[in-house]
$ cat work.cif   # mmCIF, C-alpha atoms
data_entry
#
loop_
_atom_site.label_atom_id
_atom_site.label_comp_id
_atom_site.auth_asym_id
_atom_site.auth_seq_id
_atom_site.Cartn_x
_atom_site.Cartn_y
_atom_site.Cartn_z
CA MET A 232 25.58 -8.59 -15.61
CA LYS A 233 23.94 -9.01 -19.01
CA ASP A 234 25.12 -10.71 -22.15
CA SER A 235 25.73 -8.46 -25.13
CA LYS A 236 23.03 -10.31 -27.08
CA SER A 237 19.76 -8.73 -26.04
CA HIS A 238 16.57 -7.74 -27.81
CA SER A 239 14.47 -4.67 -27.28
CA ILE A 240 11.33 -2.89 -28.44
CA ASN A 241 9.81 0.48 -27.74
CA VAL A 242 6.09 0.39 -27.17
CA SER A 243 3.56 3.15 -26.57
CA SER A 244 1.94 3.30 -23.15
CA SER A 245 -1.41 1.81 -24.07
CA THR A 246 -3.02 -1.47 -23.09
CA GLN A 247 -3.87 -2.01 -26.76
CA HIS A 248 -0.22 -3.08 -27.16
CA LEU A 249 -0.36 -5.75 -24.44
CA GLN A 250 -0.74 -8.56 -26.94
CA GLU A 251 2.23 -7.27 -28.94
CA VAL A 252 4.32 -7.09 -25.76
CA ARG A 253 3.43 -10.67 -24.82
CA SER A 254 4.25 -11.87 -28.34
CA PHE A 255 7.63 -10.13 -28.22
CA VAL A 256 8.51 -11.87 -24.96
CA GLN A 257 7.14 -15.21 -26.18
CA THR A 258 9.25 -15.07 -29.34
CA TYR A 259 12.53 -14.74 -27.48
CA VAL A 260 11.84 -16.73 -24.35
CA SER A 261 10.75 -19.70 -26.49
CA HIS A 262 14.30 -19.94 -27.87
CA CYS A 263 15.77 -20.22 -24.38
CA ASP A 264 15.97 -23.35 -22.31
CA VAL A 265 12.79 -22.55 -20.40
CA ASN A 266 9.86 -24.87 -19.81
CA LYS A 267 6.25 -24.09 -20.77
CA ASP A 268 5.20 -23.08 -17.24
CA GLU A 269 8.16 -20.76 -16.86
CA ILE A 270 7.43 -19.15 -20.25
CA ALA A 271 3.86 -18.44 -19.09
CA GLU A 272 5.16 -16.96 -15.81
CA ILE A 273 7.67 -14.68 -17.53
CA ILE A 274 5.04 -13.43 -20.01
CA LEU A 275 2.60 -12.68 -17.18
CA ALA A 276 5.27 -10.84 -15.16
CA VAL A 277 6.07 -8.60 -18.15
CA ASP A 278 2.35 -8.00 -18.80
CA GLU A 279 1.90 -6.92 -15.16
CA ALA A 280 4.97 -4.66 -15.18
CA TYR A 281 3.94 -3.04 -18.47
CA THR A 282 0.34 -2.55 -17.26
CA ASN A 283 1.59 -0.99 -14.01
CA ILE A 284 3.75 1.49 -15.91
CA ILE A 285 0.76 2.54 -18.05
CA LYS A 286 -1.50 2.91 -15.00
CA HIS A 287 0.83 4.31 -12.39
CA ALA A 288 3.89 5.83 -14.09
CA TYR A 289 1.97 7.37 -17.00
CA LYS A 290 -1.50 7.62 -15.39
CA ASN A 291 -3.11 6.02 -18.48
CA GLU A 292 -1.73 8.67 -20.86
CA PRO A 293 -1.18 6.80 -24.13
CA ASN A 294 1.57 8.78 -25.86
CA HIS A 295 4.58 7.84 -23.78
CA THR A 296 7.21 5.25 -24.58
CA ILE A 297 8.15 2.15 -22.65
CA GLU A 298 11.34 0.34 -23.58
CA ILE A 299 11.41 -3.40 -23.05
CA GLU A 300 14.73 -5.17 -23.24
CA LEU A 301 15.40 -8.84 -22.58
CA GLY A 302 18.13 -11.41 -22.74
CA THR A 303 19.95 -14.13 -20.87
CA SER A 304 23.00 -14.05 -18.64
CA SER A 305 24.68 -16.58 -16.36
CA GLY A 306 21.76 -18.96 -15.98
CA SER A 307 19.04 -16.32 -15.87
CA PHE A 308 16.51 -14.85 -18.24
CA TRP A 309 16.21 -11.10 -17.60
CA ILE A 310 13.73 -8.48 -18.72
CA GLN A 311 14.00 -4.78 -18.11
CA LEU A 312 11.23 -2.21 -18.64
CA SER A 313 12.12 1.50 -18.66
CA ASP A 314 9.85 4.54 -18.46
CA THR A 315 10.13 8.25 -17.75
CA GLY A 316 6.92 8.62 -15.75
CA HIS A 317 6.17 8.72 -12.05
CA HIS A 318 8.58 6.69 -9.99
CA PHE A 319 7.34 3.58 -8.10
CA ASN A 320 8.44 3.44 -4.48
CA ALA A 321 8.99 -0.28 -3.90
CA ASP A 322 9.95 0.33 -0.25
CA LYS A 323 6.40 1.46 0.55
CA TYR A 324 4.78 -1.52 -1.16
CA GLN A 325 2.72 -3.84 1.02
CA PRO A 326 1.36 -7.19 -0.21
CA PRO A 327 -2.40 -7.08 -0.78
CA ASN A 328 -4.89 -8.79 1.51
CA LEU A 329 -7.26 -10.44 -0.97
CA LEU A 330 -10.16 -10.89 1.44
CA LYS A 331 -10.00 -7.25 2.55
CA ARG A 332 -9.85 -6.05 -1.05
CA ILE A 333 -12.88 -8.11 -1.99
CA LYS A 334 -14.83 -6.78 0.99
CA ASN A 335 -13.89 -3.22 0.00
CA LYS A 336 -14.60 -3.95 -3.69
CA GLU A 337 -11.08 -2.89 -4.53
CA ARG A 338 -9.22 -4.18 -7.48
CA GLY A 339 -5.66 -3.70 -8.59
CA GLY A 340 -2.57 -3.83 -6.44
CA MET A 341 -2.12 -7.45 -7.43
CA GLY A 342 0.40 -6.88 -10.21
CA VAL A 343 3.46 -6.23 -8.05
CA TYR A 344 2.53 -9.16 -5.83
CA LEU A 345 2.28 -11.44 -8.86
CA ILE A 346 5.59 -10.21 -10.30
CA ASN A 347 7.33 -10.98 -7.00
CA LYS A 348 5.82 -14.46 -6.94
CA LEU A 349 6.59 -15.22 -10.59
CA MET A 350 10.17 -14.00 -10.82
CA ASP A 351 13.28 -14.90 -8.81
CA SER A 352 14.48 -11.33 -8.40
CA VAL A 353 12.97 -7.91 -9.02
CA GLU A 354 14.90 -4.63 -8.78
CA TYR A 355 13.55 -1.12 -9.18
CA SER A 356 15.84 1.83 -9.86
CA SER A 357 15.65 5.44 -11.02
CA THR A 358 18.41 7.35 -12.76
CA GLY A 359 17.64 10.91 -13.80
CA LYS A 360 14.17 10.78 -15.31
CA THR A 361 14.31 7.09 -16.18
CA ASN A 362 12.76 4.41 -13.99
CA THR A 363 13.58 0.77 -14.57
CA ILE A 364 12.30 -2.52 -13.32
CA LEU A 365 14.71 -5.41 -13.86
CA MET A 366 13.27 -8.89 -13.38
CA ARG A 367 15.19 -12.14 -13.48
CA LYS A 368 14.21 -15.77 -13.59
CA ARG A 369 16.69 -18.60 -13.20
CA ILE A 370 16.64 -21.00 -16.12
CA MET B 148 -2.46 -11.05 -35.05
CA MET B 149 -4.55 -9.57 -32.26
CA LYS B 150 -6.30 -12.24 -30.26
CA SER B 151 -9.66 -11.15 -29.06
CA PHE B 152 -11.63 -11.72 -25.91
CA THR B 153 -15.24 -12.70 -26.34
CA ILE B 154 -18.07 -13.77 -24.09
CA THR B 155 -20.90 -16.13 -24.99
CA LYS B 156 -23.91 -16.13 -22.71
CA ARG B 157 -26.19 -19.12 -22.10
CA GLN B 158 -29.03 -19.78 -19.72
CA GLU B 159 -29.69 -22.97 -17.75
CA GLU B 160 -32.89 -22.43 -15.78
CA HIS B 161 -32.13 -19.51 -13.44
CA ILE B 162 -28.37 -19.83 -13.92
CA THR B 163 -26.44 -17.71 -16.40
CA ILE B 164 -23.37 -19.30 -17.93
CA LEU B 165 -20.70 -17.04 -19.38
CA GLU B 166 -18.21 -18.78 -21.62
CA ILE B 167 -15.17 -16.56 -21.74
CA ASN B 168 -12.83 -17.01 -24.68
CA GLY B 169 -9.38 -15.67 -25.48
CA GLU B 170 -7.14 -13.41 -23.43
CA LEU B 171 -8.36 -11.46 -20.41
CA ASP B 172 -5.97 -8.60 -19.65
CA ALA B 173 -6.03 -4.87 -18.83
CA HIS B 174 -7.22 -4.15 -22.37
CA THR B 175 -10.09 -6.63 -22.51
CA ALA B 176 -11.24 -6.74 -18.86
CA PHE B 177 -13.88 -4.05 -19.45
CA LYS B 178 -15.90 -6.53 -21.54
CA LEU B 179 -16.31 -8.90 -18.58
CA GLU B 180 -17.03 -5.98 -16.30
CA GLN B 181 -19.79 -4.77 -18.61
CA GLN B 182 -21.26 -8.25 -18.65
CA PHE B 183 -21.38 -8.46 -14.81
CA LYS B 184 -22.98 -4.99 -14.68
CA ASN B 185 -25.63 -6.09 -17.19
CA LEU B 186 -26.37 -9.26 -15.22
CA ILE B 187 -26.81 -7.28 -11.99
CA GLU B 188 -29.16 -4.90 -13.83
CA ILE B 189 -31.38 -7.75 -14.98
CA GLU B 190 -31.12 -9.41 -11.55
CA ALA B 191 -29.37 -12.50 -12.88
CA TYR B 192 -27.24 -13.19 -9.84
CA HIS B 193 -26.50 -16.90 -10.30
CA ILE B 194 -23.52 -16.97 -12.58
CA ILE B 195 -21.08 -19.60 -13.79
CA VAL B 196 -18.01 -18.44 -15.68
CA ASN B 197 -16.83 -21.31 -17.87
CA CYS B 198 -13.11 -20.77 -18.51
CA SER B 199 -12.48 -23.70 -20.86
CA ASN B 200 -11.50 -21.39 -23.73
CA LEU B 201 -9.77 -18.79 -21.59
CA GLN B 202 -6.20 -18.91 -22.83
CA TYR B 203 -4.70 -16.25 -20.60
CA ILE B 204 -5.54 -14.11 -17.57
CA ALA B 205 -3.66 -11.20 -16.00
CA SER B 206 -4.42 -9.50 -12.69
CA ALA B 207 -6.67 -6.93 -14.40
CA GLY B 208 -8.97 -9.84 -15.25
CA LEU B 209 -8.86 -11.16 -11.70
CA GLY B 210 -9.68 -7.63 -10.55
CA VAL B 211 -13.07 -7.82 -12.28
CA PHE B 212 -13.97 -10.95 -10.30
CA MET B 213 -12.82 -9.19 -7.12
CA ALA B 214 -14.91 -6.10 -7.81
CA TYR B 215 -18.23 -7.92 -8.31
CA ILE B 216 -18.20 -11.03 -6.11
CA GLU B 217 -19.19 -9.19 -2.92
CA ASP B 218 -22.15 -7.38 -4.53
CA ILE B 219 -23.42 -10.51 -6.22
CA ARG B 220 -23.15 -12.62 -3.05
CA ASN B 221 -24.91 -9.91 -1.05
CA LEU B 222 -27.73 -10.12 -3.59
CA GLY B 223 -28.07 -13.85 -2.92
CA GLY B 224 -26.10 -15.09 -5.88
CA ASP B 225 -22.54 -16.13 -6.69
CA ILE B 226 -19.93 -16.15 -9.40
CA LYS B 227 -18.75 -19.74 -9.71
CA LEU B 228 -15.83 -20.60 -11.95
CA SER B 229 -15.30 -23.79 -13.93
CA ASP B 230 -13.15 -25.57 -16.52
CA MET B 231 -9.93 -23.68 -15.95
CA THR B 232 -6.80 -24.81 -17.77
CA GLY B 233 -3.73 -25.43 -15.63
CA ASP B 234 -2.06 -22.13 -16.60
CA VAL B 235 -5.14 -20.07 -15.78
CA TYR B 236 -5.74 -21.90 -12.49
CA HIS B 237 -2.12 -21.26 -11.53
CA VAL B 238 -2.70 -17.47 -11.69
CA PHE B 239 -5.89 -17.69 -9.59
CA ASP B 240 -4.03 -19.91 -7.15
CA LEU B 241 -1.04 -17.56 -6.79
CA LEU B 242 -3.41 -14.85 -5.58
CA GLY B 243 -5.29 -17.10 -3.16
CA PHE B 244 -8.57 -17.22 -5.09
CA PRO B 245 -9.36 -20.91 -4.45
CA SER B 246 -10.09 -20.23 -0.77
CA LEU B 247 -12.50 -17.38 -1.53
CA TYR B 248 -14.16 -18.37 -4.80
CA ASP B 249 -16.20 -21.43 -5.69
CA ILE B 250 -14.07 -23.07 -8.37
CA HIS B 251 -15.28 -26.29 -10.03
CA LYS B 252 -13.65 -28.83 -12.29
CA ASN B 253 -16.40 -28.54 -14.86
CA GLU B 254 -19.61 -26.74 -15.63
CA SER B 255 -21.93 -29.57 -14.66
CA GLU B 256 -20.34 -29.72 -11.20
CA ALA B 257 -20.86 -25.95 -10.85
CA LEU B 258 -24.48 -26.31 -11.99
CA SER B 259 -25.09 -29.08 -9.46
CA SER B 260 -23.67 -26.97 -6.67
CA TYR B 261 -26.26 -24.27 -7.48
CA LYS B 262 -29.06 -26.80 -7.73
CA ASN B 263 -28.08 -28.39 -4.41
CA GLN B 264 -28.29 -24.96 -2.77
CA LYS B 265 -31.95 -24.51 -3.68
#
$ encode --input "work.cif" --output "structure tokens"
Amino acid sequence: MKDSKSHSINVSSSTQHLQEVRSFVQTYVSHCDVNKDEIAEIILAVDEAYTNIIKHAYKNEPNHTIEIELGTSSGSFWIQLSDTGHHFNADKYQPPNLLKRIKNKERGGMGVYLINKLMDSVEYSSTGKTNTILMRKRI
Amino acid sequence: MMKSFTITKRQEEHITILEINGELDAHTAFKLEQQFKNLIEIEAYHIIVNCSNLQYIASAGLGVFMAYIEDIRNLGGDIKLSDMTGDVYHVFDLLGFPSLYDIHKNESEALSSYKNQK
């Protein structure tokens, strides 16, 4: 599924590390055969996934660890984020209605929608205490 | 190096122009939120957000626009957006913002649209 050559970092669950996470992705994705628009989309998808883990899996508690691993395999760039917080039930997810959210002054709920739009495949899984989101984009 | 997010405020008659610079994400979105709250407090409801130096936006940034547009429109004003780069516009577009927000090519077009409303 994945090539042996992958890169990973462990980052604390705080939005203050968002810039560092984006830089990490940028560094590696820039070496792949990916155009500028696709690089921006991959970075945004990782930002959204990382932010969702902080907010929903770890309920904004800053002292947990999120592992981010990325690489390429058979024509795809893949990124996996792992956490040990609350599990996300993708089956119950419903795409947001923007107009309704604006009327109700709601925010949030847009991250998963964006990830699905930006990436070619998104898989969620849980094994023991570890939850993972694996995103792929064809390159 | 940590890129920052800053806001510069200008006034053009009754219209407040916010130039937003840098990266708007879950860590920096509170700064824009605070600015909208301040503008509502001082009853400055006619707002243009000039995005020419906005290098990046994530959904947390879009969430701030979503949270305040209804209140500001109900108060007789608007949040108009201008000067977006292609990358930033792409994110707004993916979420369907162009049909619900007044987005202009440049600041002078946004200013004219306020002045034509008078």
$ residues_around --input "work.cif" --residues "Gly316 of chain A" --least-positions-apart "2" --cutoff "8 Å" --atoms "only C-alpha atoms" --output "ChimeraX atom specification"
/A:284,288-289,314,318,360-362
$ write_last_selection --input "work.cif" --atoms "C-alpha atoms" --output "compact mmCIF listing (two decimals), keeping the file's coordinate frame"
# COMPACT_ATOMS: atom_id res chain seq x y z
CA ILE A 284 3.75 1.49 -15.91
CA ALA A 288 3.89 5.83 -14.09
CA TYR A 289 1.97 7.37 -17.00
CA ASP A 314 9.85 4.54 -18.46
CA HIS A 318 8.58 6.69 -9.99
CA LYS A 360 14.17 10.78 -15.31
CA THR A 361 14.31 7.09 -16.18
CA ASN A 362 12.76 4.41 -13.99
$ resolve_selection --input "work.cif" --expression "the PyMOL selection byres ((chain A) within 6 of (chain B))" --output "list in words"
Thr246, Gln247, Ile333, Lys336, Glu337, Arg338 and Gly339 of chain A
$ write_last_selection --input "work.cif" --atoms "C-alpha atoms" --output "PDB file, in the coordinates of the input"
ATOM      1  CA  THR A 246      -3.020  -1.470 -23.090  1.00  0.00           C
ATOM      2  CA  GLN A 247      -3.870  -2.010 -26.760  1.00  0.00           C
ATOM      3  CA  ILE A 333     -12.880  -8.110  -1.990  1.00  0.00           C
ATOM      4  CA  LYS A 336     -14.600  -3.950  -3.690  1.00  0.00           C
ATOM      5  CA  GLU A 337     -11.080  -2.890  -4.530  1.00  0.00           C
ATOM      6  CA  ARG A 338      -9.220  -4.180  -7.480  1.00  0.00           C
ATOM      7  CA  GLY A 339      -5.660  -3.700  -8.590  1.00  0.00           C
TER       8      GLY A 339
END
$ closest_residue --input "work.cif" --among "A:Phe308, A:Tyr281, A:Phe319, A:Tyr324" --to "Val260 of chain A" --atoms "all atoms listed in the file"
A:Phe308
$ resolve_selection --input "work.cif" --expression "the PyMOL selection byres ((chain B and resi 253) around 10)" --output "list in words"
Asn197, Cys198, Ser199, Leu228, Ser229, Asp230, Met231, Ile250, His251, Lys252, Glu254, Ser255, Glu256, Ala257 and Leu258 of chain B
$ atom_distance --input "work.cif" --atom1 "atom CA of Val343 of chain A" --atom2 "atom CA of Leu365 of chain A"
12.7 Å
$ residues_around --input "work.cif" --residues "Thr303 of chain A" --least-positions-apart "2" --cutoff "10 Å" --atoms "all atoms listed in the file" --output "ChimeraX atom specification"
/A:232-237,259-260,263,301,305-310,367-370
$ residues_around --input "work.cif" --residues "segment 181-196 of chain B" --least-positions-apart "3" --cutoff "8 Å" --atoms "all atoms listed in the file" --output "list in words"
His161, Ile162, Thr163, Ile164, Leu165, Glu166, Ile167, Phe177, Lys178, Tyr215, Ile219, Arg220, Leu222, Gly223, Gly224, Asp225, Ile226, Lys227, Leu228, Ser229, Glu254, Ala257, Leu258 and Tyr261 of chain B
$ atom_distance --input "work.cif" --atom1 "atom CA of Lys348 of chain A" --atom2 "atom CA of Asp249 of chain B"
23.1 Å
$ residues_around --input "work.cif" --residues "Pro293 of chain A" --least-positions-apart "3" --cutoff "10 Å" --atoms "only C-alpha atoms" --output "mmCIF file with C-alpha atoms, keeping the file's coordinate frame"
data_model
loop_
_atom_site.group_PDB
_atom_site.id
_atom_site.type_symbol
_atom_site.label_atom_id
_atom_site.label_comp_id
_atom_site.auth_asym_id
_atom_site.auth_seq_id
_atom_site.Cartn_x
_atom_site.Cartn_y
_atom_site.Cartn_z
ATOM 1 C CA SER A 243 3.560 3.150 -26.570
ATOM 2 C CA SER A 244 1.940 3.300 -23.150
ATOM 3 C CA SER A 245 -1.410 1.810 -24.070
ATOM 4 C CA THR A 246 -3.020 -1.470 -23.090
ATOM 5 C CA GLN A 247 -3.870 -2.010 -26.760
ATOM 6 C CA ILE A 285 0.760 2.540 -18.050
ATOM 7 C CA LYS A 286 -1.500 2.910 -15.000
ATOM 8 C CA TYR A 289 1.970 7.370 -17.000
ATOM 9 C CA LYS A 290 -1.500 7.620 -15.390
ATOM 10 C CA THR A 296 7.210 5.250 -24.580
#
